[in-house]
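Reproduced below: my_file.csv, with CSV, C-alpha atoms.
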```csv
chain,number,residue,atom,x,y,z
S,974,MET,CA,22.2,-7.7,-9.5
S,975,SER,CA,21.9,-3.9,-9.1
S,976,ARG,CA,22.6,-3.4,-12.8
S,977,GLN,CA,19.4,-5.4,-13.6
S,978,LEU,CA,17.2,-3.0,-11.6
S,979,PRO,CA,15.8,0.3,-12.8
S,980,ASP,CA,17.1,3.6,-11.4
S,981,PHE,CA,15.4,4.6,-8.1
S,982,PRO,CA,12.6,6.9,-9.5
S,983,TRP,CA,12.8,9.6,-6.9
S,984,ASP,CA,16.4,10.3,-7.9
S,985,THR,CA,15.0,11.8,-11.1
S,986,LEU,CA,13.1,14.5,-9.2
S,987,ALA,CA,16.3,16.3,-8.0
S,988,ALA,CA,15.9,19.3,-10.3
S,989,ALA,CA,12.2,19.8,-9.7
S,990,LYS,CA,12.8,19.4,-5.9
S,991,ALA,CA,15.5,22.1,-6.0
S,992,THR,CA,13.1,24.4,-7.9
S,993,ALA,CA,10.4,23.8,-5.4
S,994,ARG,CA,12.7,24.4,-2.4
S,995,ALA,CA,13.7,27.8,-3.8
S,996,TYR,CA,10.1,29.0,-3.8
S,997,PRO,CA,9.8,32.1,-1.6
S,998,GLY,CA,6.7,30.9,0.2
S,999,GLY,CA,8.2,27.6,1.3
S,1000,PHE,CA,8.4,24.1,0.1
S,1001,VAL,CA,5.4,21.7,0.1
S,1002,ASP,CA,6.4,18.1,-0.6
S,1003,LEU,CA,3.4,16.2,-1.9
S,1004,SER,CA,5.5,13.6,-3.7
S,1005,VAL,CA,5.7,10.9,-1.1
S,1006,GLY,CA,3.2,9.1,1.2
S,1007,THR,CA,5.2,9.6,4.4
S,1008,PRO,CA,2.9,10.3,7.4
S,1009,VAL,CA,3.5,13.6,9.1
S,1010,ASP,CA,1.1,13.3,12.1
S,1011,PRO,CA,2.1,11.8,15.5
S,1012,THR,CA,2.1,8.1,16.1
S,1013,PRO,CA,-0.9,7.3,18.3
S,1014,GLN,CA,-0.1,7.3,22.0
S,1015,VAL,CA,-1.5,3.8,22.5
S,1016,VAL,CA,1.1,2.5,20.0
S,1017,ARG,CA,3.9,4.5,21.5
S,1018,ASP,CA,3.1,3.3,25.0
S,1019,ALA,CA,3.1,-0.4,23.8
S,1020,LEU,CA,6.5,0.1,22.2
S,1021,ALA,CA,8.0,1.7,25.3
S,1022,ALA,CA,6.6,-1.0,27.6
S,1023,ALA,CA,8.3,-3.7,25.4
S,1024,SER,CA,11.7,-1.9,25.3
S,1025,ASP,CA,13.3,-4.5,27.5
S,1026,ALA,CA,13.7,-6.9,24.5
S,1027,HIS,CA,16.8,-8.9,25.5
S,1028,GLY,CA,15.7,-12.1,23.8
S,1029,TYR,CA,15.1,-13.0,20.1
S,1030,PRO,CA,11.4,-12.5,19.0
S,1031,GLN,CA,9.5,-15.2,17.1
S,1032,VAL,CA,9.5,-14.9,13.3
S,1033,TRP,CA,5.9,-16.1,13.3
S,1034,GLY,CA,4.8,-13.6,16.0
S,1035,THR,CA,3.1,-14.7,19.2
S,1036,PRO,CA,-0.2,-16.5,19.1
S,1037,GLY,CA,-1.8,-13.5,20.7
S,1038,LEU,CA,-0.6,-11.2,17.9
S,1039,ARG,CA,-1.8,-13.5,15.2
S,1040,GLU,CA,-5.1,-14.0,16.9
S,1041,ALA,CA,-5.6,-10.2,17.2
S,1042,ILE,CA,-4.8,-9.8,13.4
S,1043,SER,CA,-7.3,-12.5,12.7
S,1044,ALA,CA,-9.9,-10.7,14.8
S,1045,TRP,CA,-9.1,-7.4,12.9
S,1046,PHE,CA,-9.8,-9.1,9.6
S,1047,ALA,CA,-13.2,-10.3,10.9
S,1048,ARG,CA,-14.0,-6.9,12.4
S,1049,ARG,CA,-12.8,-4.5,9.8
S,1050,ARG,CA,-12.4,-6.6,6.5
S,1051,ASN,CA,-15.4,-8.9,6.5
S,1052,ALA,CA,-13.0,-11.9,6.5
S,1053,HIS,CA,-14.2,-14.1,9.3
S,1054,GLY,CA,-12.3,-17.3,8.5
S,1055,VAL,CA,-8.7,-16.1,8.8
S,1056,ASP,CA,-6.8,-18.8,10.6
S,1057,PRO,CA,-4.2,-17.3,13.1
S,1058,ASP,CA,-1.9,-20.0,11.8
S,1059,GLY,CA,-2.2,-18.3,8.4
S,1060,VAL,CA,-1.0,-15.0,9.7
S,1061,LEU,CA,2.6,-13.7,9.6
S,1062,PRO,CA,4.1,-10.3,10.8
S,1063,VAL,CA,6.5,-8.8,8.3
S,1064,VAL,CA,9.1,-6.0,8.3
S,1065,GLY,CA,7.0,-3.5,6.4
S,1066,SER,CA,4.9,-4.4,3.4
S,1067,LYS,CA,7.5,-3.1,0.8
S,1068,GLU,CA,10.0,-5.7,2.0
S,1069,PHE,CA,7.4,-8.4,1.6
S,1070,VAL,CA,6.4,-7.2,-1.9
S,1071,ALA,CA,10.0,-7.1,-3.0
S,1072,TRP,CA,10.9,-10.6,-1.8
S,1073,LEU,CA,7.7,-12.6,-2.3
S,1074,PRO,CA,8.6,-13.8,-5.9
S,1075,THR,CA,12.0,-15.0,-4.6
S,1076,ILE,CA,10.6,-16.7,-1.5
S,1077,LEU,CA,8.1,-18.5,-3.8
S,1078,GLY,CA,11.0,-19.8,-5.9
S,1079,LEU,CA,10.0,-18.0,-9.1
S,1080,GLY,CA,12.6,-17.6,-11.9
S,1081,PRO,CA,13.2,-16.9,-15.6
S,1082,ASP,CA,10.4,-19.1,-16.8
S,1083,ASP,CA,7.8,-17.4,-14.6
S,1084,ALA,CA,5.8,-14.3,-15.0
S,1085,VAL,CA,4.7,-11.9,-12.2
S,1086,GLY,CA,1.6,-9.9,-13.1
S,1087,PHE,CA,0.7,-6.5,-11.5
S,1088,PRO,CA,-1.5,-3.5,-12.4
S,1089,GLU,CA,-0.7,-1.4,-15.4
S,1090,ALA,CA,-0.3,1.7,-13.2
S,1091,ALA,CA,1.5,0.4,-10.1
S,1092,TYR,CA,3.9,1.0,-7.3
S,1093,PRO,CA,7.4,0.2,-8.7
S,1094,THR,CA,8.2,-2.5,-6.2
S,1095,TYR,CA,6.0,-5.2,-7.9
S,1096,ASP,CA,8.2,-4.9,-11.0
S,1097,VAL,CA,11.4,-4.7,-8.9
S,1098,GLY,CA,10.4,-7.9,-6.9
S,1099,ALA,CA,10.0,-9.8,-10.1
S,1100,ARG,CA,13.4,-8.7,-11.3
S,1101,ILE,CA,15.1,-9.6,-8.0
S,1102,ALA,CA,13.8,-13.1,-8.4
S,1103,GLY,CA,14.9,-13.2,-12.1
S,1104,ALA,CA,11.3,-13.6,-13.1
S,1105,ARG,CA,9.5,-11.7,-15.9
S,1106,PRO,CA,7.5,-8.6,-14.8
S,1107,VAL,CA,4.2,-8.2,-16.7
S,1108,PRO,CA,2.1,-5.1,-16.2
S,1109,ALA,CA,-1.5,-5.6,-17.2
S,1110,ALA,CA,-4.8,-3.7,-17.1
S,1111,SER,CA,-6.8,-7.0,-16.9
S,1112,THR,CA,-6.4,-10.7,-16.8
S,1113,VAL,CA,-7.4,-10.9,-20.5
S,1114,GLN,CA,-4.0,-9.5,-21.4
S,1115,PHE,CA,-2.2,-12.6,-20.2
S,1116,GLY,CA,-4.0,-14.8,-22.8
S,1117,PRO,CA,-3.3,-18.5,-22.5
S,1118,SER,CA,0.0,-18.0,-20.5
S,1119,ALA,CA,-1.0,-17.1,-16.9
S,1120,PRO,CA,1.5,-15.7,-14.5
S,1121,LYS,CA,2.7,-17.7,-11.5
S,1122,LEU,CA,2.0,-14.8,-9.2
S,1123,LEU,CA,-0.6,-12.0,-9.7
S,1124,TRP,CA,-0.4,-8.8,-7.6
S,1125,LEU,CA,-3.5,-6.8,-7.0
S,1126,ASN,CA,-3.4,-3.4,-5.3
S,1127,THR,CA,-6.7,-2.2,-3.9
S,1128,PRO,CA,-7.0,0.7,-3.1
S,1129,GLY,CA,-4.4,1.3,-5.8
S,1130,ASN,CA,-1.3,3.3,-5.5
S,1131,PRO,CA,-1.1,5.6,-7.4
S,1132,THR,CA,-4.6,5.7,-8.7
S,1133,GLY,CA,-6.7,5.2,-5.6
S,1134,GLN,CA,-8.9,2.7,-7.6
S,1135,VAL,CA,-11.0,0.3,-5.6
S,1136,LEU,CA,-11.7,-3.2,-6.8
S,1137,GLY,CA,-15.2,-4.3,-5.9
S,1138,VAL,CA,-16.4,-7.6,-4.6
S,1139,GLU,CA,-17.5,-9.0,-7.9
S,1140,HIS,CA,-14.3,-8.0,-9.6
S,1141,LEU,CA,-12.2,-9.6,-6.9
S,1142,ALA,CA,-14.3,-12.8,-7.0
S,1143,LYS,CA,-13.9,-13.0,-10.8
S,1144,VAL,CA,-10.1,-12.7,-10.4
S,1145,VAL,CA,-10.1,-15.5,-7.7
S,1146,ARG,CA,-12.0,-17.8,-10.0
S,1147,TRP,CA,-9.7,-17.0,-13.0
S,1148,ALA,CA,-6.6,-17.6,-10.8
S,1149,ARG,CA,-7.8,-20.9,-9.4
S,1150,GLU,CA,-8.6,-22.3,-12.8
S,1151,ARG,CA,-5.0,-21.6,-13.7
S,1152,GLY,CA,-3.1,-22.3,-10.5
S,1153,VAL,CA,-2.1,-18.6,-10.0
S,1154,ILE,CA,-1.2,-17.3,-6.6
S,1155,VAL,CA,-3.0,-14.0,-5.9
S,1156,ALA,CA,-1.4,-11.5,-3.5
S,1157,SER,CA,-3.4,-8.4,-2.8
S,1158,ASP,CA,-1.7,-5.3,-1.4
S,1159,GLU,CA,-4.4,-3.6,0.6
S,1160,CYS,CA,-2.5,-1.1,2.8
S,1161,TYR,CA,-4.9,1.8,2.2
S,1162,ALA,CA,-8.1,-0.1,2.9
S,1163,GLU,CA,-9.2,1.9,5.9
S,1164,LEU,CA,-9.0,5.2,3.9
S,1165,ASP,CA,-12.1,4.9,1.7
S,1166,TRP,CA,-13.6,8.1,0.6
S,1167,ARG,CA,-16.6,6.8,-1.3
S,1168,GLU,CA,-20.1,7.9,-0.3
S,1169,GLY,CA,-21.9,5.6,2.1
S,1170,VAL,CA,-18.8,3.7,3.3
S,1171,ASP,CA,-17.8,5.8,6.3
S,1172,ASP,CA,-17.5,2.9,8.7
S,1173,LEU,CA,-16.3,0.3,6.1
S,1174,THR,CA,-13.0,-0.6,4.5
S,1175,THR,CA,-12.5,-1.5,0.8
S,1176,PRO,CA,-13.1,-5.2,0.0
S,1177,SER,CA,-10.3,-7.6,0.8
S,1178,ILE,CA,-9.2,-10.6,-1.3
S,1179,LEU,CA,-10.1,-12.6,1.9
S,1180,ASP,CA,-13.6,-11.0,2.2
S,1181,ASP,CA,-16.2,-13.7,2.7
S,1182,ARG,CA,-18.1,-12.4,-0.3
S,1183,VAL,CA,-15.1,-12.8,-2.5
S,1184,CYS,CA,-13.8,-16.2,-1.6
S,1185,ALA,CA,-16.5,-17.8,0.6
S,1186,GLY,CA,-13.9,-18.3,3.4
S,1187,ASP,CA,-11.6,-20.4,1.2
S,1188,HIS,CA,-8.2,-18.7,1.2
S,1189,THR,CA,-6.4,-21.3,-1.0
S,1190,GLY,CA,-3.9,-19.5,-3.2
S,1191,LEU,CA,-4.7,-16.1,-1.7
S,1192,LEU,CA,-2.6,-13.7,0.4
S,1193,SER,CA,-3.7,-10.3,1.8
S,1194,VAL,CA,-0.8,-7.9,2.6
S,1195,TYR,CA,-1.4,-5.1,5.0
S,1196,SER,CA,0.7,-2.2,6.5
S,1197,LEU,CA,0.0,0.0,9.5
S,1198,SER,CA,2.2,2.8,8.1
S,1199,LYS,CA,-0.7,4.7,6.6
S,1200,GLN,CA,-3.7,4.2,9.0
S,1201,SER,CA,-1.6,4.4,12.2
S,1202,ASN,CA,1.3,6.7,11.3
S,1203,MET,CA,3.7,3.9,11.9
S,1204,ALA,CA,5.9,4.1,8.8
S,1205,GLY,CA,9.0,4.3,11.0
S,1206,TYR,CA,8.1,1.1,12.8
S,1207,ARG,CA,8.0,-1.1,9.6
S,1208,ALA,CA,5.0,-2.9,11.0
S,1209,ALA,CA,3.0,-5.0,8.6
S,1210,PHE,CA,1.5,-8.5,8.1
S,1211,VAL,CA,0.3,-11.0,5.6
S,1212,ALA,CA,-2.6,-13.4,6.0
S,1213,GLY,CA,-4.4,-16.0,3.9
S,1214,ASP,CA,-3.5,-19.5,2.6
S,1215,ARG,CA,-2.1,-21.3,5.6
S,1216,ASP,CA,0.2,-23.5,3.5
S,1217,LEU,CA,1.6,-20.6,1.7
S,1218,VAL,CA,2.2,-18.7,4.9
S,1219,HIS,CA,4.1,-21.6,6.4
S,1220,GLN,CA,6.3,-21.7,3.2
S,1221,LEU,CA,7.0,-18.0,3.8
S,1222,LEU,CA,7.7,-18.6,7.5
S,1223,ALA,CA,10.2,-21.4,6.8
S,1224,PHE,CA,12.2,-19.1,4.4
S,1225,ARG,CA,12.1,-16.1,6.8
S,1226,LYS,CA,13.3,-18.2,9.7
S,1227,HIS,CA,16.4,-19.1,7.7
S,1228,ALA,CA,16.9,-15.5,6.5
S,1229,GLY,CA,16.4,-13.9,9.9
S,1230,MET,CA,13.5,-11.7,8.7
S,1231,ILE,CA,12.1,-11.0,12.1
S,1232,VAL,CA,9.8,-8.1,13.2
S,1233,PRO,CA,11.4,-6.8,16.4
S,1234,TRP,CA,9.7,-7.6,19.7
S,1235,PRO,CA,8.8,-4.0,20.6
S,1236,VAL,CA,7.3,-3.5,17.1
S,1237,GLN,CA,5.3,-6.7,17.4
S,1238,ARG,CA,3.8,-5.3,20.7
S,1239,ALA,CA,3.1,-1.9,19.0
S,1240,LEU,CA,1.5,-3.7,16.1
S,1241,LEU,CA,-0.7,-5.7,18.5
S,1242,ALA,CA,-1.9,-2.4,20.2
S,1243,ALA,CA,-2.6,-0.8,16.9
S,1244,VAL,CA,-4.8,-3.6,15.5
S,1245,GLN,CA,-6.8,-3.7,18.7
S,1246,ASP,CA,-7.6,0.0,18.7
S,1247,ASP,CA,-9.9,1.4,16.0
S,1248,ALA,CA,-10.4,4.9,17.6
S,1249,HIS,CA,-7.0,6.3,16.4
S,1250,VAL,CA,-7.7,5.1,12.9
S,1251,VAL,CA,-11.0,7.0,12.8
S,1252,GLU,CA,-9.2,10.1,14.0
S,1253,GLN,CA,-6.5,9.9,11.4
S,1254,LYS,CA,-9.0,9.2,8.6
S,1255,GLU,CA,-10.8,12.5,9.5
S,1256,ARG,CA,-7.5,14.4,9.2
S,1257,TYR,CA,-6.9,13.0,5.7
S,1258,ARG,CA,-10.5,13.6,4.7
S,1259,ARG,CA,-10.2,17.3,5.4
S,1260,ARG,CA,-6.9,17.6,3.6
S,1261,ARG,CA,-8.3,15.7,0.6
S,1262,ALA,CA,-11.3,17.9,0.4
S,1263,THR,CA,-9.1,21.0,0.4
S,1264,LEU,CA,-6.8,19.8,-2.3
S,1265,LYS,CA,-9.5,18.3,-4.5
S,1266,ALA,CA,-11.5,21.5,-4.4
S,1267,ALA,CA,-8.4,23.5,-5.5
S,1268,LEU,CA,-7.6,21.1,-8.3
S,1269,ASP,CA,-11.2,21.2,-9.5
S,1270,GLU,CA,-11.3,25.0,-9.4
S,1271,SER,CA,-8.0,25.1,-11.4
S,1272,GLY,CA,-9.3,23.0,-14.2
S,1273,TRP,CA,-7.6,19.7,-13.4
S,1274,ARG,CA,-9.2,16.3,-13.9
S,1275,THR,CA,-8.9,13.8,-11.0
S,1276,ASP,CA,-9.3,10.1,-12.0
S,1277,TYR,CA,-10.3,7.3,-9.6
S,1278,SER,CA,-8.9,8.5,-6.2
S,1279,ASP,CA,-11.7,6.8,-4.4
S,1280,ALA,CA,-9.5,5.7,-1.5
S,1281,GLY,CA,-6.0,6.0,-0.2
S,1282,LEU,CA,-3.6,8.9,0.4
S,1283,TYR,CA,-3.3,10.3,-3.2
S,1284,LEU,CA,-5.1,12.3,-5.9
S,1285,TRP,CA,-4.4,10.9,-9.3
S,1286,ALA,CA,-4.7,14.1,-11.3
S,1287,THR,CA,-3.9,15.4,-14.8
S,1288,LYS,CA,-3.8,18.6,-16.8
S,1289,GLY,CA,-3.8,16.6,-20.1
S,1290,GLN,CA,-0.1,17.1,-20.7
S,1291,PRO,CA,3.1,15.2,-20.2
S,1292,CYS,CA,3.5,14.5,-16.5
S,1293,ARG,CA,7.0,15.9,-16.2
S,1294,ALA,CA,5.7,19.3,-17.6
S,1295,THR,CA,3.1,19.3,-14.9
S,1296,VAL,CA,5.7,18.4,-12.2
S,1297,ASP,CA,7.8,21.4,-13.4
S,1298,GLU,CA,4.8,23.7,-13.3
S,1299,LEU,CA,4.0,22.6,-9.7
S,1300,ALA,CA,7.6,23.0,-8.7
S,1301,ALA,CA,7.6,26.6,-9.9
S,1302,LYS,CA,4.8,27.1,-7.2
S,1303,GLY,CA,6.9,25.4,-4.5
S,1304,ILE,CA,5.0,22.1,-4.7
S,1305,LEU,CA,6.5,18.8,-5.5
S,1306,ALA,CA,4.4,15.9,-6.8
S,1307,ALA,CA,5.3,12.5,-8.2
S,1308,PRO,CA,5.2,12.1,-12.0
S,1309,GLY,CA,2.9,9.4,-13.2
S,1310,ASP,CA,5.6,7.8,-15.3
S,1311,PHE,CA,7.1,6.5,-12.0
S,1312,TYR,CA,4.2,4.0,-12.1
S,1313,GLY,CA,4.4,2.9,-15.7
S,1314,ALA,CA,3.5,4.1,-19.1
S,1315,ALA,CA,-0.2,4.4,-18.2
S,1316,GLY,CA,0.7,7.3,-16.0
S,1317,ALA,CA,2.4,9.4,-18.7
S,1318,GLU,CA,-0.1,12.3,-18.3
S,1319,HIS,CA,-0.9,12.1,-14.6
S,1320,VAL,CA,0.8,13.2,-11.4
S,1321,ARG,CA,0.3,11.7,-7.9
S,1322,ILE,CA,-0.5,14.3,-5.3
S,1323,ALA,CA,-0.2,13.1,-1.7
S,1324,LEU,CA,-2.3,14.1,1.2
S,1325,THR,CA,0.6,13.6,3.6
S,1326,ALA,CA,1.4,17.1,4.6
S,1327,SER,CA,0.3,19.3,7.6
S,1328,ASP,CA,-3.0,21.2,7.4
S,1329,GLU,CA,-1.1,24.4,7.0
S,1330,GLN,CA,1.0,23.0,4.1
S,1331,ILE,CA,-2.1,21.6,2.4
S,1332,ALA,CA,-3.9,25.0,2.7
S,1333,SER,CA,-0.8,26.7,1.3
S,1334,ALA,CA,-0.6,24.3,-1.7
S,1335,ALA,CA,-4.4,24.8,-2.4
S,1336,GLN,CA,-3.9,28.6,-2.4
S,1337,ARG,CA,-1.0,28.3,-4.8
S,1338,LEU,CA,-3.0,26.0,-7.1
S,1339,THR,CA,-5.9,28.5,-7.4
S,1340,SER,CA,-3.9,31.7,-7.6
S,1341,GLY,CA,-2.9,31.2,-11.2
```

Take the structure in this file and express it as structure tokens.
Amino acid sequence: MSRQLPDFPWDTLAAAKATARAYPGGFVDLSVGTPVDPTPQVVRDALAAASDAHGYPQVWGTPGLREAISAWFARRRNAHGVDPDGVLPVVGSKEFVAWLPTILGLGPDDAVGFPEAAYPTYDVGARIAGARPVPAASTVQFGPSAPKLLWLNTPGNPTGQVLGVEHLAKVVRWARERGVIVASDECYAELDWREGVDDLTTPSILDDRVCAGDHTGLLSVYSLSKQSNMAGYRAAFVAGDRDLVHQLLAFRKHAGMIVPWPVQRALLAAVQDDAHVVEQKERYRRRRATLKAALDESGWRTDYSDAGLYLWATKGQPCRATVDELAAKGILAAPGDFYGAAGAEHVRIALTASDEQIASAAQRLTSG
């Protein structure tokens, strides 16, 4: 099986990373989206209080947890009809993305669609299942042969592109006419930088305006790694079509895919507390403004980047050349070709570094 999978992309950055580490002023790693700020105290307290976890937790999660996630969708995502029975905690969203085609029983005769510039795990998940990965910029590219599963990613990683309500509604109509399951990876939704949306998230596939409360064939996947600095907890969830969620639940029971009890309690605390998300968003807003201004001053072009933790930037040259130039300044970024041929001239620059490191990176970008 491992021979059928692509090489792990970050392994190809070894030389650039060594160059960046040797920079006299210190190494600034902007290549990965790993949070650097503390996990909120409300989450840590919940984890500690649940540390006496001598029994097996429920694969499905407690009714209280699923109800709290349903309430979060209503409060933060404009999705008021999420059935708690159609909610399932998962061991990080990457695990879910990688295994969904397999759990759905897809195989060699089935296609899995995903964005043209996309996080590599959509492709990998299709390959693990033995299905056919199909990157596409729009549904038109599928022609008369629709995929069995279509991944959306909004806000997008790496691009930060946000899909609007009308676009999502059009995709839902298209998918239902063809019997396509739509899974929408929305883990950056709380980090929206567009004007006039300070207290809103990006639209969800389950948004009332998108699907009118009918979640048939739809799944929304969400992670607390980004908004709550919980990457080390592997705390995520999926919600939507009740029958599909029950199909996933049955498989996960057999496979022992269980979110640990202390993590379930931490997840519950996180989705019930909006204040820490606002605080974290402001940290990222400041860092983004600093980096974006430095890129603009240095003649870069930033495309999309309307939400999320990355700037999708280009100097109009091959991405690996740009990575090498940044490495010479002690900065490591992710080359756009990690995310498909569409990223050949872009790099993904993460906001996930300390204020001091972000300021240092900005100074190096503008110093010539």

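Proximity to Val1005 (chain S) was assessed for S:Ala1332, S:Ala1102, S:Ala1119, S:Leu986 counting all atoms listed in the file; the smallest distance is recorded for S:Leu986.
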
Point-to-point distance from CA of Ala1099 (chain S) to CA of Pro1062 (chain S), Å rounded to tenths: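 We find that CA of Ala1099 (chain S) and CA of Pro1062 (chain S) lie 21.7 Å from each other.
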
Which residue, S:Ala1243, S:Ala1156, S:Leu1268, S:Val1183, has the smallest gap to Val1015 (chain S) when you use only C-alpha atoms?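 Residue with the minimum atom-to-atom distance to Val1015 (chain S): S:Ala1243.
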
Best match for closeness to Val1194 (chain S) among S:Lys1265, S:Lys1067, S:Arg1049, S:Arg1017, counting all atoms listed in the file: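 Closest candidate: S:Lys1067.
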
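Applying the 12 Å criterion to (-9.3, 6.8, 17.2) in file coordinates and using all atoms listed in the file, one obtains the residues Thr1012, Pro1013, Gln1014, Val1015, Val1016, Gln1200, Ser1201, Ala1243, Val1244, Gln1245, Asp1246, Asp1247, Ala1248, His1249, Val1250, Val1251, Glu1252, Gln1253, Lys1254, Glu1255 and Arg1256 of chain S.
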
Closest of S:Val1113, S:Leu1073, S:Leu1164, S:Ala1209 to Pro1233 (chain S) - atom-to-atom distances counting only C-alpha atoms: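 Closest residue, counting only C-alpha atoms: S:Ala1209.
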
S:Leu1173, S:Ala1223, S:Ala991, S:Leu1061 ranked by distance to Ile1304 (chain S), top pick (using all atoms listed in the file):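 Of S:Leu1173, S:Ala1223, S:Ala991, S:Leu1061, the one nearest Ile1304 (chain S) is S:Ala991, counting all atoms listed in the file.
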
Nearest candidate to Lys1302 (chain S) (options S:Arg1207, S:His1027, S:Arg1167, S:Arg994; using only C-alpha atoms): S:Arg994

Excluding Pro1308 (chain S) and residues on its chain fewer than 6 positions from it, collect all residues at most 8 Å away from it, counting only C-alpha atoms, and give them as a list in words. Cys1292, Arg1293, Val1296, Gly1316, Ala1317, His1319, Val1320 and Arg1321 of chain S

Which residues are close to Ser1196 (chain S), i.e. within 12 Å by all atoms listed in the file, leaving aside same-chain residues fewer than 5 positions away? Reply as an mmCIF file with C-alpha atoms, in the coordinates of the input.
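Full text of result08.cif as output:
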```
data_model
loop_
_atom_site.group_PDB
_atom_site.id
_atom_site.type_symbol
_atom_site.label_atom_id
_atom_site.label_comp_id
_atom_site.auth_asym_id
_atom_site.auth_seq_id
_atom_site.Cartn_x
_atom_site.Cartn_y
_atom_site.Cartn_z
ATOM 1 C CA ILE S 1042 -4.800 -9.800 13.400
ATOM 2 C CA PRO S 1062 4.100 -10.300 10.800
ATOM 3 C CA VAL S 1063 6.500 -8.800 8.300
ATOM 4 C CA VAL S 1064 9.100 -6.000 8.300
ATOM 5 C CA GLY S 1065 7.000 -3.500 6.400
ATOM 6 C CA SER S 1066 4.900 -4.400 3.400
ATOM 7 C CA LYS S 1067 7.500 -3.100 0.800
ATOM 8 C CA GLU S 1068 10.000 -5.700 2.000
ATOM 9 C CA PHE S 1069 7.400 -8.400 1.600
ATOM 10 C CA VAL S 1070 6.400 -7.200 -1.900
ATOM 11 C CA SER S 1157 -3.400 -8.400 -2.800
ATOM 12 C CA ASP S 1158 -1.700 -5.300 -1.400
ATOM 13 C CA GLU S 1159 -4.400 -3.600 0.600
ATOM 14 C CA CYS S 1160 -2.500 -1.100 2.800
ATOM 15 C CA TYR S 1161 -4.900 1.800 2.200
ATOM 16 C CA ALA S 1162 -8.100 -0.100 2.900
ATOM 17 C CA GLU S 1163 -9.200 1.900 5.900
ATOM 18 C CA SER S 1201 -1.600 4.400 12.200
ATOM 19 C CA ASN S 1202 1.300 6.700 11.300
ATOM 20 C CA MET S 1203 3.700 3.900 11.900
ATOM 21 C CA ALA S 1204 5.900 4.100 8.800
ATOM 22 C CA GLY S 1205 9.000 4.300 11.000
ATOM 23 C CA TYR S 1206 8.100 1.100 12.800
ATOM 24 C CA ARG S 1207 8.000 -1.100 9.600
ATOM 25 C CA ALA S 1208 5.000 -2.900 11.000
ATOM 26 C CA ALA S 1209 3.000 -5.000 8.600
ATOM 27 C CA PHE S 1210 1.500 -8.500 8.100
ATOM 28 C CA VAL S 1211 0.300 -11.000 5.600
ATOM 29 C CA ALA S 1212 -2.600 -13.400 6.000
ATOM 30 C CA LEU S 1240 1.500 -3.700 16.100
ATOM 31 C CA ALA S 1243 -2.600 -0.800 16.900
ATOM 32 C CA VAL S 1244 -4.800 -3.600 15.500
#
```

Within 10 Å of Arg1225 (chain S) using all atoms listed in the file, minus same-chain residues under 3 positions, as a JSON list (two decimals) with C-alpha atoms, in the coordinates of the input:
```
[["chain", "number", "residue", "atom", "x", "y", "z"],
["S", 1032, "VAL", "CA", 9.50, -14.90, 13.30],
["S", 1033, "TRP", "CA", 5.90, -16.10, 13.30],
["S", 1063, "VAL", "CA", 6.50, -8.80, 8.30],
["S", 1076, "ILE", "CA", 10.60, -16.70, -1.50],
["S", 1219, "HIS", "CA", 4.10, -21.60, 6.40],
["S", 1220, "GLN", "CA", 6.30, -21.70, 3.20],
["S", 1221, "LEU", "CA", 7.00, -18.00, 3.80],
["S", 1222, "LEU", "CA", 7.70, -18.60, 7.50],
["S", 1228, "ALA", "CA", 16.90, -15.50, 6.50],
["S", 1229, "GLY", "CA", 16.40, -13.90, 9.90],
["S", 1230, "MET", "CA", 13.50, -11.70, 8.70],
["S", 1231, "ILE", "CA", 12.10, -11.00, 12.10]]
```

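CA of Asp1328 (chain S) is found 23.2 Å from CA of Thr1295 (chain S).
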
Two-atom distance - CA of Trp1147 (chain S), CA of Pro1074 (chain S) (Å):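 Value for the CA of Trp1147 (chain S)-CA of Pro1074 (chain S) distance: 19.9 Å.
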
Counting all atoms listed in the file, note down every residue that has an atom within 12 Å of the point (8.9, -20.9, -7.5) (file coordinates), as number ranges by chain. S: 1072-1085, 1099, 1102-1104, 1120-1122, 1153-1154, 1217, 1220-1221

Please report as CSV every residue of region 1220-1258 of chain S lying within 7 Å of region 1018-1022 of chain S, along with the nearest atom pair and their distance in Å (one decimal), using all atoms listed in the file.
```
residue,atom,partner,partner_atom,distance
S:Pro1235,CA,S:Leu1020,CA,5.0
S:Val1236,CA,S:Leu1020,CA,6.3
S:Arg1238,CA,S:Ala1019,CA,5.8
S:Ala1239,CA,S:Ala1019,CA,5.0
S:Ala1242,CA,S:Ala1019,CA,6.5
```

Just C-alpha atoms for this one: save the residues we selected as a short mmCIF file (atom, residue, chain, number, x, y, z; two decimals), in the frame of the given file.
```cif
data_model
loop_
_atom_site.label_atom_id
_atom_site.label_comp_id
_atom_site.auth_asym_id
_atom_site.auth_seq_id
_atom_site.Cartn_x
_atom_site.Cartn_y
_atom_site.Cartn_z
CA PRO S 1235 8.80 -4.00 20.60
CA VAL S 1236 7.30 -3.50 17.10
CA ARG S 1238 3.80 -5.30 20.70
CA ALA S 1239 3.10 -1.90 19.00
CA ALA S 1242 -1.90 -2.40 20.20
#
```

For region 1165-1245 of chain S versus region 1055-1058 of chain S, which residues have an atom no more than 9 Å away, and what is each residue's nearest atom pair and distance in Å rounded to one decimal, using all atoms listed in the file, chain-then-number order, as a tab-separated table?
```
residue	atom	partner	partner_atom	distance
S:Leu1179	CA	S:Val1055	CA	7.9
S:Gly1186	CA	S:Val1055	CA	7.8
S:His1188	CA	S:Val1055	CA	8.0
S:Ala1212	CA	S:Val1055	CA	7.2
S:Gly1213	CA	S:Val1055	CA	6.5
S:Asp1214	CA	S:Asp1056	CA	8.7
S:Arg1215	CA	S:Asp1058	CA	6.3
S:Val1218	CA	S:Asp1058	CA	8.1
S:His1219	CA	S:Asp1058	CA	8.2
```
